[in-house]
$ cat run-v6.cif   # mmCIF, C-alpha atoms
data_my_file
loop_
_atom_site.group_PDB
_atom_site.id
_atom_site.type_symbol
_atom_site.label_atom_id
_atom_site.label_comp_id
_atom_site.auth_asym_id
_atom_site.auth_seq_id
_atom_site.Cartn_x
_atom_site.Cartn_y
_atom_site.Cartn_z
ATOM 1 C CA MET A 1 -17.663 -62.240 -17.071
ATOM 2 C CA ASP A 2 -14.255 -60.648 -16.540
ATOM 3 C CA ASN A 3 -11.934 -62.328 -19.043
ATOM 4 C CA ARG A 4 -9.015 -59.977 -18.593
ATOM 5 C CA PRO A 5 -5.612 -61.667 -18.450
ATOM 6 C CA MET A 6 -3.686 -61.725 -15.200
ATOM 7 C CA VAL A 7 -0.520 -60.306 -16.807
ATOM 8 C CA THR A 8 0.222 -57.913 -19.636
ATOM 9 C CA VAL A 9 3.615 -58.425 -21.240
ATOM 10 C CA ALA A 10 4.315 -55.011 -22.767
ATOM 11 C CA ILE A 11 6.885 -54.810 -25.560
ATOM 12 C CA PRO A 12 7.995 -51.520 -27.145
ATOM 13 C CA MET A 13 9.629 -52.059 -30.538
ATOM 14 C CA TYR A 14 11.597 -50.050 -33.049
ATOM 15 C CA ASN A 15 13.529 -51.676 -35.920
ATOM 16 C CA VAL A 16 14.113 -54.993 -34.151
ATOM 17 C CA GLU A 17 13.132 -57.497 -36.846
ATOM 18 C CA ARG A 18 16.202 -59.694 -36.350
ATOM 19 C CA PHE A 19 15.338 -60.337 -32.685
ATOM 20 C CA LEU A 20 11.667 -61.214 -33.082
ATOM 21 C CA PRO A 21 11.679 -65.034 -33.360
ATOM 22 C CA LYS A 22 13.871 -65.633 -30.293
ATOM 23 C CA GLY A 23 12.156 -62.901 -28.260
ATOM 24 C CA PHE A 24 8.640 -64.180 -28.908
ATOM 25 C CA ASP A 25 9.725 -67.774 -28.306
ATOM 26 C CA SER A 26 11.012 -66.737 -24.872
ATOM 27 C CA ILE A 27 7.686 -65.207 -23.853
ATOM 28 C CA LEU A 28 5.520 -67.945 -25.337
ATOM 29 C CA ALA A 29 7.555 -70.609 -23.503
ATOM 30 C CA GLN A 30 6.409 -69.327 -20.098
ATOM 31 C CA THR A 31 4.984 -71.957 -17.756
ATOM 32 C CA TYR A 32 2.310 -69.434 -16.733
ATOM 33 C CA THR A 33 -0.178 -68.932 -19.572
ATOM 34 C CA ASP A 34 -2.742 -66.374 -18.347
ATOM 35 C CA PHE A 35 -1.182 -63.382 -20.086
ATOM 36 C CA GLU A 36 -1.519 -61.105 -23.068
ATOM 37 C CA ILE A 37 1.305 -59.669 -25.152
ATOM 38 C CA VAL A 38 0.862 -56.069 -26.260
ATOM 39 C CA VAL A 39 3.378 -54.981 -28.881
ATOM 40 C CA ALA A 40 3.771 -51.276 -29.631
ATOM 41 C CA ASP A 41 5.634 -50.586 -32.854
ATOM 42 C CA ASP A 42 7.155 -47.110 -32.725
ATOM 43 C CA GLY A 43 7.146 -46.341 -36.437
ATOM 44 C CA SER A 44 9.720 -48.944 -37.450
ATOM 45 C CA THR A 45 11.266 -48.536 -40.893
ATOM 46 C CA ASP A 46 12.227 -52.211 -41.302
ATOM 47 C CA ASN A 47 9.937 -55.270 -41.289
ATOM 48 C CA THR A 48 9.251 -55.203 -37.541
ATOM 49 C CA LEU A 49 5.564 -54.303 -37.837
ATOM 50 C CA ALA A 50 4.790 -56.788 -40.613
ATOM 51 C CA LEU A 51 6.552 -59.625 -38.795
ATOM 52 C CA CYS A 52 4.774 -58.821 -35.518
ATOM 53 C CA GLU A 53 1.412 -58.836 -37.263
ATOM 54 C CA GLN A 54 2.267 -62.174 -38.860
ATOM 55 C CA ILE A 55 3.309 -63.688 -35.501
ATOM 56 C CA ALA A 56 0.113 -62.318 -33.908
ATOM 57 C CA THR A 57 -1.970 -64.502 -36.246
ATOM 58 C CA THR A 58 -0.467 -67.578 -34.566
ATOM 59 C CA ASP A 59 -1.528 -66.742 -30.992
ATOM 60 C CA PRO A 60 -4.694 -64.864 -29.908
ATOM 61 C CA ARG A 61 -2.908 -63.496 -26.829
ATOM 62 C CA ILE A 62 -0.812 -61.150 -28.999
ATOM 63 C CA ARG A 63 -2.047 -57.652 -29.857
ATOM 64 C CA VAL A 64 -0.112 -55.244 -32.054
ATOM 65 C CA VAL A 65 -0.534 -51.466 -32.014
ATOM 66 C CA HIS A 66 1.353 -49.065 -34.249
ATOM 67 C CA PHE A 67 2.323 -45.428 -33.784
ATOM 68 C CA PRO A 68 4.283 -42.882 -35.776
ATOM 69 C CA HIS A 69 7.805 -42.677 -34.377
ATOM 70 C CA ARG A 70 7.643 -40.874 -31.014
ATOM 71 C CA GLY A 71 10.367 -42.318 -28.809
ATOM 72 C CA ILE A 72 10.514 -44.852 -25.994
ATOM 73 C CA GLY A 73 8.948 -42.767 -23.220
ATOM 74 C CA PRO A 74 5.640 -41.986 -24.974
ATOM 75 C CA VAL A 75 5.455 -45.564 -26.266
ATOM 76 C CA ARG A 76 5.775 -46.969 -22.737
ATOM 77 C CA ASN A 77 2.988 -44.635 -21.595
ATOM 78 C CA SER A 78 0.792 -45.901 -24.442
ATOM 79 C CA LEU A 79 1.491 -49.518 -23.529
ATOM 80 C CA ILE A 80 0.244 -48.926 -19.993
ATOM 81 C CA GLU A 81 -2.918 -47.360 -21.414
ATOM 82 C CA GLN A 82 -3.418 -50.393 -23.683
ATOM 83 C CA ALA A 83 -2.770 -53.007 -20.984
ATOM 84 C CA ARG A 84 -5.664 -55.066 -19.576
ATOM 85 C CA GLY A 85 -3.780 -57.204 -17.068
ATOM 86 C CA LYS A 86 -3.751 -57.027 -13.288
ATOM 87 C CA TYR A 87 0.058 -56.977 -13.483
ATOM 88 C CA LEU A 88 2.499 -55.661 -16.055
ATOM 89 C CA PHE A 89 5.915 -56.804 -17.198
ATOM 90 C CA PHE A 90 7.959 -54.795 -19.697
ATOM 91 C CA PHE A 91 10.058 -56.996 -21.974
ATOM 92 C CA ASP A 92 12.843 -55.988 -24.359
ATOM 93 C CA ILE A 93 12.517 -58.217 -27.411
ATOM 94 C CA ASP A 94 16.302 -58.456 -27.917
ATOM 95 C CA ASP A 95 16.691 -60.232 -24.548
ATOM 96 C CA TYR A 96 15.282 -63.492 -23.203
ATOM 97 C CA ILE A 97 13.821 -64.733 -19.919
ATOM 98 C CA GLU A 98 13.568 -67.807 -17.736
ATOM 99 C CA PRO A 99 10.362 -69.837 -18.274
ATOM 100 C CA ASP A 100 9.120 -69.334 -14.695
ATOM 101 C CA LEU A 101 9.413 -65.524 -14.591
ATOM 102 C CA LEU A 102 5.691 -64.843 -14.881
ATOM 103 C CA ALA A 103 4.603 -67.726 -12.641
ATOM 104 C CA ASP A 104 6.917 -66.809 -9.776
ATOM 105 C CA ASN A 105 6.263 -63.076 -9.934
ATOM 106 C CA VAL A 106 2.497 -63.502 -10.057
ATOM 107 C CA ALA A 107 2.727 -65.791 -7.010
ATOM 108 C CA ALA A 108 4.856 -63.238 -5.138
ATOM 109 C CA MET A 109 2.393 -60.483 -6.007
ATOM 110 C CA GLU A 110 -0.642 -62.473 -4.951
ATOM 111 C CA GLU A 111 0.940 -63.628 -1.686
ATOM 112 C CA GLY A 112 2.671 -60.382 -0.758
ATOM 113 C CA GLY A 113 0.320 -57.683 -2.004
ATOM 114 C CA ASN A 114 3.252 -55.806 -3.545
ATOM 115 C CA ASP A 115 3.104 -52.755 -5.766
ATOM 116 C CA MET A 116 6.399 -53.675 -7.383
ATOM 117 C CA ILE A 117 8.871 -56.581 -7.502
ATOM 118 C CA PHE A 118 12.573 -56.496 -8.362
ATOM 119 C CA PHE A 119 14.793 -59.331 -9.562
ATOM 120 C CA GLY A 120 18.343 -59.688 -10.812
ATOM 121 C CA PHE A 121 19.682 -60.553 -14.228
ATOM 122 C CA TYR A 122 22.506 -62.064 -16.214
ATOM 123 C CA ALA A 123 24.368 -59.484 -18.292
ATOM 124 C CA GLU A 124 25.592 -61.238 -21.409
ATOM 125 C CA HIS A 125 28.207 -59.427 -23.531
ATOM 126 C CA LEU A 126 28.259 -61.104 -26.925
ATOM 127 C CA ALA A 127 31.341 -59.272 -28.192
ATOM 128 C CA THR A 128 33.556 -60.508 -25.353
ATOM 129 C CA GLY A 129 31.767 -63.608 -24.118
ATOM 130 C CA ILE A 130 31.670 -62.121 -20.602
ATOM 131 C CA ARG A 131 28.649 -63.029 -18.489
ATOM 132 C CA ASP A 132 28.062 -61.017 -15.318
ATOM 133 C CA THR A 133 25.457 -61.746 -12.681
ATOM 134 C CA LEU A 134 23.489 -59.210 -10.675
ATOM 135 C CA ARG A 135 21.656 -61.001 -7.881
ATOM 136 C CA LEU A 136 19.399 -59.184 -5.413
ATOM 137 C CA PRO A 137 18.610 -60.142 -1.811
ATOM 138 C CA ASP A 138 15.264 -61.570 -0.738
ATOM 139 C CA ARG A 139 13.786 -58.518 0.930
ATOM 140 C CA THR A 140 10.413 -56.929 1.660
ATOM 141 C CA MET A 141 10.041 -53.150 1.971
ATOM 142 C CA VAL A 142 6.968 -51.704 3.630
ATOM 143 C CA THR A 143 7.818 -48.016 3.938
ATOM 144 C CA ASN A 144 8.670 -45.340 1.390
ATOM 145 C CA GLU A 145 12.040 -44.804 3.051
ATOM 146 C CA GLU A 146 12.957 -48.504 2.925
ATOM 147 C CA PHE A 147 12.186 -48.521 -0.765
ATOM 148 C CA ARG A 148 14.117 -45.309 -1.387
ATOM 149 C CA GLN A 149 17.192 -46.630 0.396
ATOM 150 C CA PHE A 150 17.066 -49.948 -1.446
ATOM 151 C CA TYR A 151 16.534 -48.371 -4.840
ATOM 152 C CA CYS A 152 18.861 -45.379 -4.578
ATOM 153 C CA ASP A 153 21.627 -46.772 -2.367
ATOM 154 C CA GLU A 154 21.784 -50.342 -3.667
ATOM 155 C CA LEU A 155 20.237 -50.642 -7.113
ATOM 156 C CA VAL A 156 21.272 -47.367 -8.719
ATOM 157 C CA MET A 157 24.818 -47.763 -7.409
ATOM 158 C CA SER A 158 25.080 -51.388 -8.515
ATOM 159 C CA PRO A 159 26.713 -52.514 -11.767
ATOM 160 C CA TYR A 160 24.561 -51.570 -14.775
ATOM 161 C CA GLY A 161 22.481 -49.152 -12.685
ATOM 162 C CA CYS A 162 19.526 -51.572 -12.559
ATOM 163 C CA GLY A 163 16.913 -48.996 -13.492
ATOM 164 C CA HIS A 164 15.692 -51.178 -16.338
ATOM 165 C CA MET A 165 11.940 -51.743 -16.571
ATOM 166 C CA CYS A 166 12.528 -55.321 -17.728
ATOM 167 C CA THR A 167 13.913 -56.426 -14.353
ATOM 168 C CA LYS A 168 10.785 -55.368 -12.485
ATOM 169 C CA PHE A 169 7.199 -56.575 -12.184
ATOM 170 C CA TYR A 170 4.425 -54.037 -11.540
ATOM 171 C CA ARG A 171 0.916 -54.005 -10.181
ATOM 172 C CA MET A 172 -1.163 -52.234 -12.810
ATOM 173 C CA SER A 173 -3.171 -50.241 -10.290
ATOM 174 C CA PHE A 174 0.112 -48.882 -8.902
ATOM 175 C CA LEU A 175 1.271 -47.725 -12.336
ATOM 176 C CA ARG A 176 -2.053 -46.016 -12.893
ATOM 177 C CA LYS A 177 -1.738 -44.359 -9.489
ATOM 178 C CA LEU A 178 1.599 -42.973 -10.640
ATOM 179 C CA PHE A 179 -0.028 -41.675 -13.809
ATOM 180 C CA ASP A 180 -2.798 -39.997 -11.793
ATOM 181 C CA ALA A 181 -0.072 -38.283 -9.742
ATOM 182 C CA GLY A 182 1.565 -37.001 -12.926
ATOM 183 C CA VAL A 183 4.435 -39.513 -12.871
ATOM 184 C CA LEU A 184 4.818 -40.560 -16.512
ATOM 185 C CA PHE A 185 7.632 -41.796 -18.701
ATOM 186 C CA GLU A 186 9.387 -38.707 -19.931
ATOM 187 C CA ASP A 187 10.069 -38.007 -23.589
ATOM 188 C CA VAL A 188 13.839 -38.440 -23.425
ATOM 189 C CA GLU A 189 16.237 -40.556 -25.484
ATOM 190 C CA MET A 190 17.678 -42.491 -22.520
ATOM 191 C CA HIS A 191 16.966 -43.374 -18.870
ATOM 192 C CA GLU A 192 13.209 -42.807 -19.074
ATOM 193 C CA ASP A 193 12.861 -45.959 -16.950
ATOM 194 C CA GLU A 194 15.243 -44.689 -14.272
ATOM 195 C CA LEU A 195 13.437 -41.355 -14.048
ATOM 196 C CA LEU A 196 10.062 -42.998 -13.457
ATOM 197 C CA ASN A 197 11.319 -45.521 -10.907
ATOM 198 C CA LEU A 198 13.151 -42.844 -8.932
ATOM 199 C CA GLN A 199 9.816 -41.099 -8.392
ATOM 200 C CA ALA A 200 7.936 -44.262 -7.480
ATOM 201 C CA PHE A 201 9.111 -44.384 -3.856
ATOM 202 C CA LYS A 202 6.907 -41.392 -2.997
ATOM 203 C CA HIS A 203 3.803 -43.420 -3.838
ATOM 204 C CA ILE A 204 4.679 -47.046 -3.123
ATOM 205 C CA SER A 205 3.078 -49.015 -0.275
ATOM 206 C CA LYS A 206 4.941 -52.323 -0.410
ATOM 207 C CA SER A 207 7.645 -53.825 -2.581
ATOM 208 C CA GLN A 208 9.807 -56.915 -2.668
ATOM 209 C CA SER A 209 13.094 -58.060 -4.187
ATOM 210 C CA LEU A 210 13.686 -61.676 -5.169
ATOM 211 C CA SER A 211 17.046 -63.437 -5.114
ATOM 212 C CA LYS A 212 16.208 -65.717 -8.021
ATOM 213 C CA ILE A 213 17.389 -64.478 -11.427
ATOM 214 C CA TYR A 214 14.864 -64.484 -14.267
ATOM 215 C CA TYR A 215 16.235 -62.153 -16.935
ATOM 216 C CA HIS A 216 19.010 -62.348 -19.546
ATOM 217 C CA TYR A 217 20.061 -58.837 -20.514
ATOM 218 C CA VAL A 218 22.030 -59.077 -23.751
ATOM 219 C CA PHE A 219 24.651 -56.562 -24.839
ATOM 220 C CA TYR A 220 25.377 -56.724 -28.530
ATOM 221 C CA PRO A 221 28.637 -55.758 -30.300
ATOM 222 C CA LYS A 222 29.511 -52.046 -30.411
ATOM 223 C CA GLY A 223 27.779 -51.593 -27.053
ATOM 224 C CA ASN A 224 24.306 -51.528 -28.580
ATOM 225 C CA LYS A 225 21.294 -53.494 -27.440
ATOM 226 C CA SER A 226 19.621 -53.333 -30.843
#
$ encode --input "run-v6.cif" --output "structure tokens"
Amino acid sequence: MDNRPMVTVAIPMYNVERFLPKGFDSILAQTYTDFEIVVADDGSTDNTLALCEQIATTDPRIRVVHFPHRGIGPVRNSLIEQARGKYLFFFDIDDYIEPDLLADNVAAMEEGGNDMIFFGFYAEHLATGIRDTLRLPDRTMVTNEEFRQFYCDELVMSPYGCGHMCTKFYRMSFLRKLFDAGVLFEDVEMHEDELLNLQAFKHISKSQSLSKIYYHYVFYPKGNKS
């Protein structure tokens, strides 16, 4: 019997102990329950790993893997290798999400046969109290060029760039197709997500953007997310 979960929620972590309770609560409050959580600790020097392992004892859907510190790109690659779901969602533990994110994106994937789904987010600046909204149109793209134009001309040029992995929902077989074509997360300090997504249009068959907003992207004081 195939008991693989429908969705893998993939969470890279490095020294984020203070965000763990709220972040896990956000994922575990999803209305859709057929998912696993794979946490990859990237050699944290605080209590991140110990706290994750403790939280994992409370829910069998949580798996924790640990690596020596390597950087975000290699850790994302490892999370894809570890994932067992039909779909994958990358989550940043210092943010939070709407409770219907997984349910709605799984439904859109199953109905539309997409390789990739995009959605907007609320940008919440804690230092100033400013809350911006980035809302996308409801749109289906069925050619490489349609996807390229949408991604490069609209998303990349939008406020905040919108290359973030956490505002996208992926078909696992599509990500593995990218890997087979040599498209991996690069070992760079920043924008590893943007670099991968910019190459995706060469391989994508169908994608969709949703106008509903599911993600709360939190900016912490001093301009840091963690």
$ resolve_selection --input "run-v6.cif" --expression "the PyMOL selection byres ((chain A and resi 26-43) around 8)" --output "mmCIF file with C-alpha atoms, in the coordinates of the input"
data_model
loop_
_atom_site.group_PDB
_atom_site.id
_atom_site.type_symbol
_atom_site.label_atom_id
_atom_site.label_comp_id
_atom_site.auth_asym_id
_atom_site.auth_seq_id
_atom_site.Cartn_x
_atom_site.Cartn_y
_atom_site.Cartn_z
ATOM 1 C CA PRO A 5 -5.612 -61.667 -18.450
ATOM 2 C CA MET A 6 -3.686 -61.725 -15.200
ATOM 3 C CA VAL A 7 -0.520 -60.306 -16.807
ATOM 4 C CA THR A 8 0.222 -57.913 -19.636
ATOM 5 C CA VAL A 9 3.615 -58.425 -21.240
ATOM 6 C CA ALA A 10 4.315 -55.011 -22.767
ATOM 7 C CA ILE A 11 6.885 -54.810 -25.560
ATOM 8 C CA PRO A 12 7.995 -51.520 -27.145
ATOM 9 C CA MET A 13 9.629 -52.059 -30.538
ATOM 10 C CA TYR A 14 11.597 -50.050 -33.049
ATOM 11 C CA LYS A 22 13.871 -65.633 -30.293
ATOM 12 C CA GLY A 23 12.156 -62.901 -28.260
ATOM 13 C CA PHE A 24 8.640 -64.180 -28.908
ATOM 14 C CA ASP A 25 9.725 -67.774 -28.306
ATOM 15 C CA SER A 44 9.720 -48.944 -37.450
ATOM 16 C CA THR A 45 11.266 -48.536 -40.893
ATOM 17 C CA THR A 48 9.251 -55.203 -37.541
ATOM 18 C CA LEU A 49 5.564 -54.303 -37.837
ATOM 19 C CA CYS A 52 4.774 -58.821 -35.518
ATOM 20 C CA ARG A 61 -2.908 -63.496 -26.829
ATOM 21 C CA ILE A 62 -0.812 -61.150 -28.999
ATOM 22 C CA ARG A 63 -2.047 -57.652 -29.857
ATOM 23 C CA VAL A 64 -0.112 -55.244 -32.054
ATOM 24 C CA VAL A 65 -0.534 -51.466 -32.014
ATOM 25 C CA HIS A 66 1.353 -49.065 -34.249
ATOM 26 C CA PHE A 67 2.323 -45.428 -33.784
ATOM 27 C CA PRO A 68 4.283 -42.882 -35.776
ATOM 28 C CA HIS A 69 7.805 -42.677 -34.377
ATOM 29 C CA ARG A 70 7.643 -40.874 -31.014
ATOM 30 C CA GLY A 71 10.367 -42.318 -28.809
ATOM 31 C CA ILE A 72 10.514 -44.852 -25.994
ATOM 32 C CA VAL A 75 5.455 -45.564 -26.266
ATOM 33 C CA LEU A 79 1.491 -49.518 -23.529
ATOM 34 C CA GLN A 82 -3.418 -50.393 -23.683
ATOM 35 C CA ALA A 83 -2.770 -53.007 -20.984
ATOM 36 C CA GLY A 85 -3.780 -57.204 -17.068
ATOM 37 C CA TYR A 96 15.282 -63.492 -23.203
ATOM 38 C CA ILE A 97 13.821 -64.733 -19.919
ATOM 39 C CA GLU A 98 13.568 -67.807 -17.736
ATOM 40 C CA PRO A 99 10.362 -69.837 -18.274
ATOM 41 C CA ASP A 100 9.120 -69.334 -14.695
ATOM 42 C CA LEU A 101 9.413 -65.524 -14.591
ATOM 43 C CA LEU A 102 5.691 -64.843 -14.881
ATOM 44 C CA ALA A 103 4.603 -67.726 -12.641
#
$ closest_residue --input "run-v6.cif" --among "A:Tyr87, A:Ser78, A:Asn47, A:Phe219" --to "Glu110 (chain A)" --atoms "all atoms listed in the file"
A:Tyr87
$ closest_atom_pairs --input "run-v6.cif" --of "region 69-109 of chain A" --to "region 113-132 of chain A" --cutoff "10 Å" --atoms "all atoms listed in the file" --output "Markdown table"
| residue | atom | partner | partner_atom | distance |
| --- | --- | --- | --- | --- |
| A:Tyr87 | CA | A:Asp115 | CA | 9.3 |
| A:Leu88 | CA | A:Met116 | CA | 9.7 |
| A:Asp95 | CA | A:Glu124 | CA | 9.5 |
| A:Ile97 | CA | A:Phe121 | CA | 9.2 |
| A:Leu101 | CA | A:Phe119 | CA | 9.6 |
| A:Asn105 | CA | A:Ile117 | CA | 7.4 |
| A:Val106 | CA | A:Ile117 | CA | 9.7 |
| A:Ala107 | CA | A:Gly113 | CA | 9.8 |
| A:Ala108 | CA | A:Asn114 | CA | 7.8 |
| A:Met109 | CA | A:Gly113 | CA | 5.3 |
$ closest_residue --input "run-v6.cif" --among "A:Met157, A:Ile80, A:Met141, A:Leu136" --to "Arg171 (chain A)" --atoms "all atoms listed in the file"
A:Ile80
$ atom_distance --input "run-v6.cif" --atom1 "CA of Asp94 (chain A)" --atom2 "CA of Ile55 (chain A)"
15.9 Å
$ closest_residue --input "run-v6.cif" --among "A:Met172, A:Ala50, A:Val156, A:Met165" --to "Arg84 (chain A)" --atoms "all atoms listed in the file"
A:Met172
$ closest_residue --input "run-v6.cif" --among "A:Asn77, A:Asn15, A:Ser205, A:Ser211" --to "Asn144 (chain A)" --atoms "all atoms listed in the file"
A:Ser205
$ closest_residue --input "run-v6.cif" --among "A:Lys86, A:Arg76, A:Lys202, A:His164" --to "Thr143 (chain A)" --atoms "all atoms listed in the file"
A:Lys202
$ atom_distance --input "run-v6.cif" --atom1 "CA of Tyr151 (chain A)" --atom2 "CA of Gln208 (chain A)"
11.1 Å
$ atom_distance --input "run-v6.cif" --atom1 "CA of Phe89 (chain A)" --atom2 "CA of Leu20 (chain A)"
17.5 Å
